[in-house]
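Student: What follows is a single structure, and I will ask about it in a moment.
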Amino acid sequence: MKTTSNLFVLIFSVLFAPSLYSQGEIQGKLINEKGESMSFVNTLLLNAKDSTFVKGDISADDGSFIISGIAPGSYLVQLSMMGYQTQYTPPNIIYSNEKIDLKISVMREDAQLLNEIEVTAKKPLFEQKIDRLVVNVQNSIISAGGTALEVLERSPGVIVNQQSGGITLVGKEGVIIMINGKRNYTPVSSLVQLLSGMSADNIEKIELITTPPANFEAEGNAGFINIVLKENANEGFNGGFAVSGGYGDGDISSASTNFNYRKDRFNFFGNYSFSRDARIQQIQFYRSILKDGALVETQTKSHREPAQRNHFMRLGFDYQITDKTALGGLISGYDNKWSMDALNSNQVRTNEVIDTLIEIENDEINQWKHFMGNLSLQHNFNKNTSLNLNADYLYYNGDNPTNYLNSYFNSDGALLYDSQTRSGKITPINLWVGTIDFSKTINDNIKFQAGLKGTLSTFENDVTVEEFISNSWVVDEELTNSSDLDEKIGAAYTSFDIKVDEKTDAKIGLRYEYTSSNLSTVEIPNLVDRKYGNFFPSVFISRKLDDNNNVNFSYSRRITRPGFKEMAPFVYFIDPTTFFAGNPAIQPAISNNFKMDFRHKTVLFSIQYSKEDSSIVRFQNEYDAEKERNLLVSSNLKYLKTASFMIAFPWEITDWWQMQANILGIWQKNVGYVDDELTSISQKNVRISGGQNFQLPSNFSLEISGFYQSKSLWGTVVMKGFGGLNAGIQKTLNGNHGKLSFNVTDILNTYKWKFTQDVPSQNLNYNSEVDFARTTFKLTYTRTFGNSKLKEARNKTTASEDERKRVN
């Protein structure tokens, strides 16, 4: 590792020598009126002629700052920090290789600011940055009282499939969810439940990262979605709370609070949220198949009365042991319980004549509990060198019992017989994760990073299906199964941030991951036993053309590993003719991703292209003719090609009216095997989203947002077009009395999922409609408490915060 690092430094030093040497430097030290060192002071180098910004720095813990790499010329330095008077140094003339020491400067408090100023700056709802789109949730009126899932569904380029539980980003599956920069390992099938239980009132922002650098895991073809929770850097005790209630063909309510206590070297923080959603759900399925010359049609309608109850909690601390060493700890957990009573009517027709009628009454509970503990230690050897250690333990447990009462009727509606079935699924998951991250700023133009990561995980899945026969429960041996998965992943990465010249920045990285997976069942040990290693390079280049134009290029190689549920060879009962089946033969997918951005002022144009070999597609329909049942399985395509373009532009029409528009176009080509025959499906689709924000008199504000998604692909299933319109109004109460918001989501009641699939080789046609959303009215009250006066904040260096910095 050391030899490789030195080689990289030597190569880059030679290539970029003109930019690295023969330049001047200004340094100094800052103290307050008590003689104490002042850290985190903005030190900006300005051109003495016209005061234009040249470059800047932030003072270190000891108050020192260094601005290097300065071309010859005349400059002045601006020193500023909230709560202190802004100061300017006299102009200084820099000659080649000259170093100027400004000695000690005293920062003087601005008494009026310290007593009166509060942070009121408001960011736009959408911020398009070089490598990600930021959704500022806390500034959205419509998001008040909502959930993280609802915010994601309204985010540009994000599609949440509530039928399969999958999430796509810019048309690609394989999204990794992070909370405050730390990966969440909840199984894909339970992500929707997790996100629907997370209050939007506790979320600061959501970051959509499509081309992650080398220090991110290589897992996830589509990239990362990072949910950043609210935190507060003010001194003393402070926080906020929110309560919400509403109705949309069922009640919906939530409550949340967050707090922070910061004193000297110690910081203690936390948040808690509760939510309940009891809105009615409707699902319809239709399947037709030509069997022995006869057309057999099956139509199912499901009326579901669910109740989802969620608790989410997070507590943490950080302690600055010395000026250079910080210790952090974090625990978090949730208890999400989804319960449902449903009435399902199933009609079977042969050549358009009713053959059988089935009514299914079922009740289901799907409860997931989670606990996470983290310890971190960060040591700054000096201003330019740091080491960060993390150790995490994560535990998940899923319990999913379901009871079915199946009543069979003839074509005249006369009862033939009843049958009872029950199923259960218990899934405990344990994970141990350790990381070491090293960072060193070699000089003003090169920063080096390297790290190691190890993950050990154990998954268990016990599925039981029983039928009530002759007054006793009899196990269905075919559908009952027990599996366990042991997986080990080791990773190492290195990366360089390079300042090529005044207008060009580059980031080059290489990551290696080695995976060992073993899946066993009671009947078949070592059913899947795989060991493989892969290199994952990444390149990022940014070039500033002028003050109004910027261009960026990025490349990354990524992997999507199959989930446990996708590999395990069990068959899971859904209804008497529909089952979910695992696929032990499924393989990991590897993708190569390219992206280019061009920014003109605030308008962004982005183009992306990726090819994913052995792409994993979930919830694909297969018909088992021998047993006359429909299987939902995961499988590999031969490859998936995706090309997309995005235009994002904010527009400030007046000082009281702002808008944001996003246009995303996607082309996809799926090539895969159906009954050993190579088939190809191509699809073009577009997603248009945007919002209008109005600042009205008397502290009122209004927000309107909406989107339209045209017909698109989900594996080999076609999803029809749909859209939604939302609006909200907010009143900021005088004094510190909070905000009152009223919003309406899905105003036109058009947020419905419609799927269709044709498999000519099996004479199979499939259609479905999922309606999990209703026009919903919500009233939300939010308020902050405690100290809101901005004070000098120390540097928080917990493990999760450090990860968060890497994605900011």
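Numbering starts fresh at 1 for the residues of each chain in the structure tokens, the chains themselves are lettered A, B, ... in the order given, and ligands are numbered from 1 as they appear.
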Write out as a list in words each polymer residue whose atoms come within 6 Å of Lys731 (chain A), counting only C-alpha atoms; drop sequence neighbours fewer than 4 positions from it.

Tutor: Asn699, Phe700, Lys739 and Leu740 of chain A

Student: What's the 8 Å shell around Asn662 (chain A), counting only C-alpha atoms, without same-chain residues fewer than 5 positions away, as an MDAnalysis selection string?

Tutor: chainID A and resid 156 646:649 688:690

Student: From a backbone DSSP assignment, name each residue in region 40-82 of chain A labelled strand (DSSP E), as a PDB file with N, CA and C atoms, in the first residue's frame.

Tutor:
```
ATOM      1  N   ASN A  42     -13.828  31.734   8.618  1.00  0.00           N
ATOM      2  CA  ASN A  42     -13.669  31.798   7.167  1.00  0.00           C
ATOM      3  C   ASN A  42     -12.566  32.785   6.827  1.00  0.00           C
ATOM      4  N   THR A  43     -11.530  32.311   6.137  1.00  0.00           N
ATOM      5  CA  THR A  43     -10.430  33.167   5.699  1.00  0.00           C
ATOM      6  C   THR A  43     -10.431  33.167   4.178  1.00  0.00           C
ATOM      7  N   LEU A  44     -10.847  34.275   3.592  1.00  0.00           N
ATOM      8  CA  LEU A  44     -11.030  34.361   2.151  1.00  0.00           C
ATOM      9  C   LEU A  44      -9.981  35.264   1.537  1.00  0.00           C
ATOM     10  N   LEU A  45      -9.320  34.776   0.491  1.00  0.00           N
ATOM     11  CA  LEU A  45      -8.341  35.561  -0.251  1.00  0.00           C
ATOM     12  C   LEU A  45      -9.062  36.302  -1.375  1.00  0.00           C
ATOM     13  N   LEU A  46      -8.964  37.653  -1.372  1.00  0.00           N
ATOM     14  CA  LEU A  46      -9.661  38.475  -2.354  1.00  0.00           C
ATOM     15  C   LEU A  46      -8.651  39.254  -3.188  1.00  0.00           C
ATOM     16  N   ASN A  47      -9.014  39.468  -4.442  1.00  0.00           N
ATOM     17  CA  ASN A  47      -8.193  40.299  -5.312  1.00  0.00           C
ATOM     18  C   ASN A  47      -8.288  41.751  -4.847  1.00  0.00           C
ATOM     19  N   PHE A  53     -13.360  36.975  -5.319  1.00  0.00           N
ATOM     20  CA  PHE A  53     -12.892  35.828  -4.540  1.00  0.00           C
ATOM     21  C   PHE A  53     -11.859  35.029  -5.340  1.00  0.00           C
ATOM     22  N   VAL A  54     -10.742  34.661  -4.682  1.00  0.00           N
ATOM     23  CA  VAL A  54      -9.700  33.860  -5.327  1.00  0.00           C
ATOM     24  C   VAL A  54      -9.703  32.440  -4.764  1.00  0.00           C
ATOM     25  N   LYS A  55      -9.559  32.290  -3.463  1.00  0.00           N
ATOM     26  CA  LYS A  55      -9.624  30.999  -2.792  1.00  0.00           C
ATOM     27  C   LYS A  55      -9.794  31.239  -1.301  1.00  0.00           C
ATOM     28  N   GLY A  56      -9.958  30.179  -0.541  1.00  0.00           N
ATOM     29  CA  GLY A  56     -10.204  30.366   0.872  1.00  0.00           C
ATOM     30  C   GLY A  56      -9.770  29.189   1.715  1.00  0.00           C
ATOM     31  N   ASP A  57      -9.875  29.353   3.029  1.00  0.00           N
ATOM     32  CA  ASP A  57      -9.520  28.315   3.989  1.00  0.00           C
ATOM     33  C   ASP A  57     -10.372  28.523   5.230  1.00  0.00           C
ATOM     34  N   ILE A  58     -10.335  27.563   6.150  1.00  0.00           N
ATOM     35  CA  ILE A  58     -10.997  27.663   7.449  1.00  0.00           C
ATOM     36  C   ILE A  58      -9.940  27.434   8.513  1.00  0.00           C
ATOM     37  N   SER A  64      -4.869  28.614  13.488  1.00  0.00           N
ATOM     38  CA  SER A  64      -3.982  28.892  12.358  1.00  0.00           C
ATOM     39  C   SER A  64      -4.692  28.665  11.032  1.00  0.00           C
ATOM     40  N   PHE A  65      -4.228  29.374  10.010  1.00  0.00           N
ATOM     41  CA  PHE A  65      -4.726  29.160   8.656  1.00  0.00           C
ATOM     42  C   PHE A  65      -3.582  29.364   7.672  1.00  0.00           C
ATOM     43  N   ILE A  66      -3.678  28.674   6.553  1.00  0.00           N
ATOM     44  CA  ILE A  66      -2.687  28.786   5.489  1.00  0.00           C
ATOM     45  C   ILE A  66      -3.424  28.804   4.152  1.00  0.00           C
ATOM     46  N   ILE A  67      -3.171  29.820   3.358  1.00  0.00           N
ATOM     47  CA  ILE A  67      -3.697  29.874   1.992  1.00  0.00           C
ATOM     48  C   ILE A  67      -2.486  29.815   1.074  1.00  0.00           C
ATOM     49  N   SER A  68      -2.334  28.694   0.377  1.00  0.00           N
ATOM     50  CA  SER A  68      -1.149  28.512  -0.457  1.00  0.00           C
ATOM     51  C   SER A  68      -1.555  28.380  -1.916  1.00  0.00           C
ATOM     52  N   GLY A  69      -0.546  28.228  -2.779  1.00  0.00           N
ATOM     53  CA  GLY A  69      -0.801  28.118  -4.206  1.00  0.00           C
ATOM     54  C   GLY A  69      -1.290  29.423  -4.804  1.00  0.00           C
ATOM     55  N   ILE A  70      -0.752  30.569  -4.319  1.00  0.00           N
ATOM     56  CA  ILE A  70      -1.206  31.885  -4.757  1.00  0.00           C
ATOM     57  C   ILE A  70      -0.304  32.401  -5.877  1.00  0.00           C
ATOM     58  N   GLY A  73       0.661  38.623  -7.334  1.00  0.00           N
ATOM     59  CA  GLY A  73      -0.359  39.651  -7.454  1.00  0.00           C
ATOM     60  C   GLY A  73      -0.591  40.353  -6.129  1.00  0.00           C
ATOM     61  N   SER A  74      -1.598  41.250  -6.096  1.00  0.00           N
ATOM     62  CA  SER A  74      -1.922  42.008  -4.886  1.00  0.00           C
ATOM     63  C   SER A  74      -3.241  41.499  -4.313  1.00  0.00           C
ATOM     64  N   TYR A  75      -3.243  41.159  -2.999  1.00  0.00           N
ATOM     65  CA  TYR A  75      -4.398  40.517  -2.385  1.00  0.00           C
ATOM     66  C   TYR A  75      -4.684  41.119  -1.012  1.00  0.00           C
ATOM     67  N   LEU A  76      -5.917  40.934  -0.557  1.00  0.00           N
ATOM     68  CA  LEU A  76      -6.264  41.192   0.834  1.00  0.00           C
ATOM     69  C   LEU A  76      -7.025  39.975   1.359  1.00  0.00           C
ATOM     70  N   VAL A  77      -7.050  39.817   2.682  1.00  0.00           N
ATOM     71  CA  VAL A  77      -7.683  38.654   3.316  1.00  0.00           C
ATOM     72  C   VAL A  77      -8.886  39.115   4.122  1.00  0.00           C
ATOM     73  N   GLN A  78     -10.037  38.463   3.888  1.00  0.00           N
ATOM     74  CA  GLN A  78     -11.248  38.743   4.662  1.00  0.00           C
ATOM     75  C   GLN A  78     -11.409  37.664   5.739  1.00  0.00           C
ATOM     76  N   LEU A  79     -11.614  38.091   6.991  1.00  0.00           N
ATOM     77  CA  LEU A  79     -11.801  37.182   8.121  1.00  0.00           C
ATOM     78  C   LEU A  79     -13.228  37.353   8.616  1.00  0.00           C
ATOM     79  N   SER A  80     -14.007  36.255   8.641  1.00  0.00           N
ATOM     80  CA  SER A  80     -15.415  36.387   9.036  1.00  0.00           C
ATOM     81  C   SER A  80     -15.894  35.134   9.746  1.00  0.00           C
TER      82      SER A  80
END
```

Student: Hey, which of A:Ser556, A:Thr679, A:Ser140, A:Ser516 ends up closest to Ile590 (chain A)? Count only C-alpha atoms.

Tutor: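 Distance minimum relative to Ile590 (chain A) lands on A:Ser556.
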
Student: Can you measure CA of Thr211 (chain A) to CA of Asn593 (chain A) for me? One decimal in Å is fine.

Tutor: 7.5 Å
